[in-house]
Amino acid sequence: MLRLEPRAEASRLMSYLSPVLATLLTLVAGIAVFSALGKDPVEGLRLFLVSPVKDLYGVSELLLKATPLMLCAIGLAVGFRANVWNIGAEGQFMLGTVGATGVALYFQESDSSLVLPAMVLAGAAAGAAWAAVPALLKTKFNANEILVSLMLVYVAQLFVSWLVFGPWKDPDGFNFPQTAMFADHALLPILIEGTRLHAGFLMALAALVAGYAFMNRSYTGFKMRVAGEAAEAARYAGFSANRMIWIGLLTGGAAAGIAGMSEVAGPMGQLTDKVSLGYGFAAIIVAFVGRLNPFGILLASLLMALLYIGGEQVQQYMNLPSSISLVFQGLLLFFLLGSDVFIHYRLRFGRVTA
């Protein structure tokens, strides 16, 4: 008889192996998915995993797509380590685009070098302000931050739609729901000539370094880790639970807001009602696949970006729906959750003894 036996202590080895195992199982399941759809699984995996990075431009697109995922995921990881469950990074991302766009449009005629830094600050402030709503309701009224942050995503979507269909709509935009294009001084500089990779990628790497320093080298980061791993010990030591909630949510909101700024000031160059591609939700998977560790988040962001771009390749060359990338994201999360069982349990054969 096959059974699960609790481990005496969590397996450190399985905590690192389970994302690898989940990735391999996702590839196996992908073969089954392509076969069930009547497509060549080898060609499907080639388009998903190899074709997107076959040249320098492809690699630059991978890094471009990974940038907002890194930013959102490292912000979420700070809160997740303290069991602060911010599920609304998607809405905070969109508010970040609004804050950055407001600055870009207000200073449309300016050529000041301070516009871009102001856009970064505005994006971070807007994202953090949106995250402050569930933080306030959680600390004052014990509202569930998962539900509040998630519901605010849809409010943010409607707010962005109202702006681009209303007061911020470009009068010369042929009635499309979009703002005017940003001036050159409001766009992030390109890192590699001939590609779309911009300086937001450097901001994402800096955020990973800052996240590592905060979570692993600061006293506040230590307190948040204790609060997440042993809540009773944290309370006994006098660590403020409310402070952990505020730090976790505001950090996640600010990072998502900067990610939104990098999107409108990067590849888009304007705000539209289609500004987000689900980066905030995908970043939740990235954070857990990366084990809430900055280096792991870097690798997981690249993997998730590959799924995004590979999905576009499969859609184009194999005539499959765009939702195929969401299927692979869901499979990855499903297998990760399943693999994580073996962190605390091991498989045993034999009868259960009374």
# chains A, B, ... in the order shown; residues from 1 in each chain; ligands from 1
$ select_by_dssp --residues "stretch 148-264 of chain A" --states "helix (DSSP H, G or I)" --output "ChimeraX atom specification"
/A:148-165,184-186,200-217,219-229,231-236,241-264
$ residues_around --residues "A:Leu320" --least-positions-apart "4" --cutoff "10 Å" --atoms "only C-alpha atoms" --output "list of chain:residue names"
A:Phe34, A:Leu37, A:Lys39, A:Gly311, A:Glu312, A:Gln313, A:Val314, A:Gln315, A:Gln316, A:Ile324
$ write_last_selection --atoms "C-alpha atoms" --output "compact mmCIF listing (two decimals), in the first residue's frame"
# COMPACT_ATOMS: atom_id res chain seq x y z
CA PHE A 34 -0.34 18.83 -27.81
CA LEU A 37 -5.08 18.59 -29.71
CA LYS A 39 -0.53 18.61 -32.90
CA GLY A 311 2.37 30.73 -26.32
CA GLU A 312 2.45 33.48 -28.94
CA GLN A 313 4.67 31.32 -31.18
CA VAL A 314 2.36 28.31 -30.85
CA GLN A 315 -0.66 30.50 -31.55
CA GLN A 316 0.95 31.85 -34.71
CA ILE A 324 -2.50 27.83 -24.41
$ closest_residue --among "A:Ile284, A:Ala124, A:Ile297, A:Leu116" --to "A:Ala256" --atoms "only C-alpha atoms"
A:Ala124
$ select_by_dssp --residues "stretch 3-49 of chain A" --states "strand (DSSP E or B)" --output "list of chain:residue names"
A:Arg3, A:Leu4, A:Glu5, A:Pro6
$ residues_around --residues "stretch 59-62 of chain A" --least-positions-apart "5" --cutoff "9 Å" --atoms "only C-alpha atoms" --output "MDAnalysis selection string"
chainID A and resid 52:54 67 192 195:197 302 305:306 308:309
$ residues_around --residues "stretch 135-150 of chain A" --least-positions-apart "3" --cutoff "7 Å" --atoms "only C-alpha atoms" --output "VMD selection string"
chain A and resid 85 to 88 131 to 132 153 242 245 to 246 249
$ write_last_selection --atoms "N, CA and C atoms" --output "mmCIF file, in the first residue's frame"
data_model
loop_
_atom_site.group_PDB
_atom_site.id
_atom_site.type_symbol
_atom_site.label_atom_id
_atom_site.label_comp_id
_atom_site.auth_asym_id
_atom_site.auth_seq_id
_atom_site.Cartn_x
_atom_site.Cartn_y
_atom_site.Cartn_z
ATOM 1 N N TRP A 85 -0.873 37.841 2.363
ATOM 2 C CA TRP A 85 -1.228 37.292 1.059
ATOM 3 C C TRP A 85 -1.815 38.363 0.146
ATOM 4 N N ASN A 86 -0.935 39.051 -0.524
ATOM 5 C CA ASN A 86 -1.317 40.076 -1.499
ATOM 6 C C ASN A 86 -1.582 39.389 -2.840
ATOM 7 N N ILE A 87 -2.850 39.272 -3.208
ATOM 8 C CA ILE A 87 -3.218 38.633 -4.472
ATOM 9 C C ILE A 87 -3.581 39.690 -5.514
ATOM 10 N N GLY A 88 -3.436 40.955 -5.160
ATOM 11 C CA GLY A 88 -3.890 42.035 -6.027
ATOM 12 C C GLY A 88 -2.800 42.779 -6.754
ATOM 13 N N ALA A 131 -2.369 49.286 -2.629
ATOM 14 C CA ALA A 131 -2.158 48.198 -1.679
ATOM 15 C C ALA A 131 -2.476 48.626 -0.255
ATOM 16 N N ALA A 132 -2.459 49.927 0.016
ATOM 17 C CA ALA A 132 -2.755 50.413 1.363
ATOM 18 C C ALA A 132 -4.217 50.181 1.741
ATOM 19 N N VAL A 153 -8.572 44.524 -7.980
ATOM 20 C CA VAL A 153 -8.052 44.378 -9.346
ATOM 21 C C VAL A 153 -9.094 44.829 -10.357
ATOM 22 N N ASN A 242 0.660 44.052 12.788
ATOM 23 C CA ASN A 242 0.138 45.094 11.897
ATOM 24 C C ASN A 242 1.244 45.714 11.060
ATOM 25 N N ILE A 245 2.067 43.501 8.186
ATOM 26 C CA ILE A 245 1.035 43.586 7.143
ATOM 27 C C ILE A 245 1.261 44.824 6.276
ATOM 28 N N TRP A 246 1.505 45.959 6.923
ATOM 29 C CA TRP A 246 1.723 47.194 6.167
ATOM 30 C C TRP A 246 2.973 47.091 5.289
ATOM 31 N N LEU A 249 2.337 44.517 2.303
ATOM 32 C CA LEU A 249 1.428 44.988 1.255
ATOM 33 C C LEU A 249 1.979 46.212 0.524
#
$ atom_distance --atom1 "atom CA of A:Thr272" --atom2 "atom CA of A:Val164"
6.2 Å
$ residues_around --residues "A:Met261" --least-positions-apart "4" --cutoff "6 Å" --atoms "only C-alpha atoms" --output "PyMOL selection string"
chain A and resi 96-97+100+123+265
$ residues_around --residues "A:Val275" --least-positions-apart "4" --cutoff "9 Å" --atoms "only C-alpha atoms" --output "VMD selection string"
chain A and resid 94 97 160 260 263 to 264 268 270 to 271
$ write_last_selection --atoms "C-alpha atoms" --output "compact mmCIF listing (two decimals), in the first residue's frame"
# COMPACT_ATOMS: atom_id res chain seq x y z
CA MET A 94 -2.39 49.00 -13.31
CA THR A 97 0.66 52.64 -15.04
CA VAL A 160 -8.02 52.48 -16.34
CA GLY A 260 3.48 49.11 -14.44
CA GLU A 263 5.50 48.79 -19.18
CA VAL A 264 3.96 52.12 -20.23
CA MET A 268 3.96 50.47 -25.00
CA GLN A 270 1.31 55.02 -23.82
CA LEU A 271 -1.57 53.81 -21.66
$ atom_distance --atom1 "atom CA of A:Ala126" --atom2 "atom CA of A:Leu163"
15.0 Å
$ closest_atom_pairs --of "stretch 38-118 of chain A" --to "stretch 186-189 of chain A" --cutoff "10 Å" --atoms "only C-alpha atoms" --output "Markdown table"
| residue | atom | partner | partner_atom | distance |
| --- | --- | --- | --- | --- |
| A:Ala100 | CA | A:Ala186 | CA | 9.2 |
| A:Thr101 | CA | A:Ala186 | CA | 9.1 |
| A:Val103 | CA | A:Ala186 | CA | 8.8 |
| A:Ala104 | CA | A:Ala186 | CA | 5.9 |
| A:Leu105 | CA | A:Ala186 | CA | 9.0 |
| A:Phe107 | CA | A:Ala186 | CA | 8.6 |
| A:Gln108 | CA | A:Ala186 | CA | 8.0 |
| A:Ser110 | CA | A:Ala186 | CA | 9.4 |
| A:Asp111 | CA | A:Ala186 | CA | 8.5 |
| A:Ser112 | CA | A:Ala186 | CA | 9.2 |
| A:Ser113 | CA | A:Ala186 | CA | 8.7 |
| A:Leu114 | CA | A:Ala186 | CA | 9.3 |
| A:Val115 | CA | A:Ala186 | CA | 6.2 |
| A:Leu116 | CA | A:Ala186 | CA | 5.5 |
| A:Pro117 | CA | A:Ala186 | CA | 9.3 |
| A:Ala118 | CA | A:Ala186 | CA | 9.6 |
$ atom_distance --atom1 "atom CA of A:Tyr106" --atom2 "atom CA of A:Met203"
23.6 Å
$ closest_residue --among "A:Leu250, A:Ala237, A:Leu307, A:Leu25" --to "A:Phe328" --atoms "only C-alpha atoms"
A:Leu307
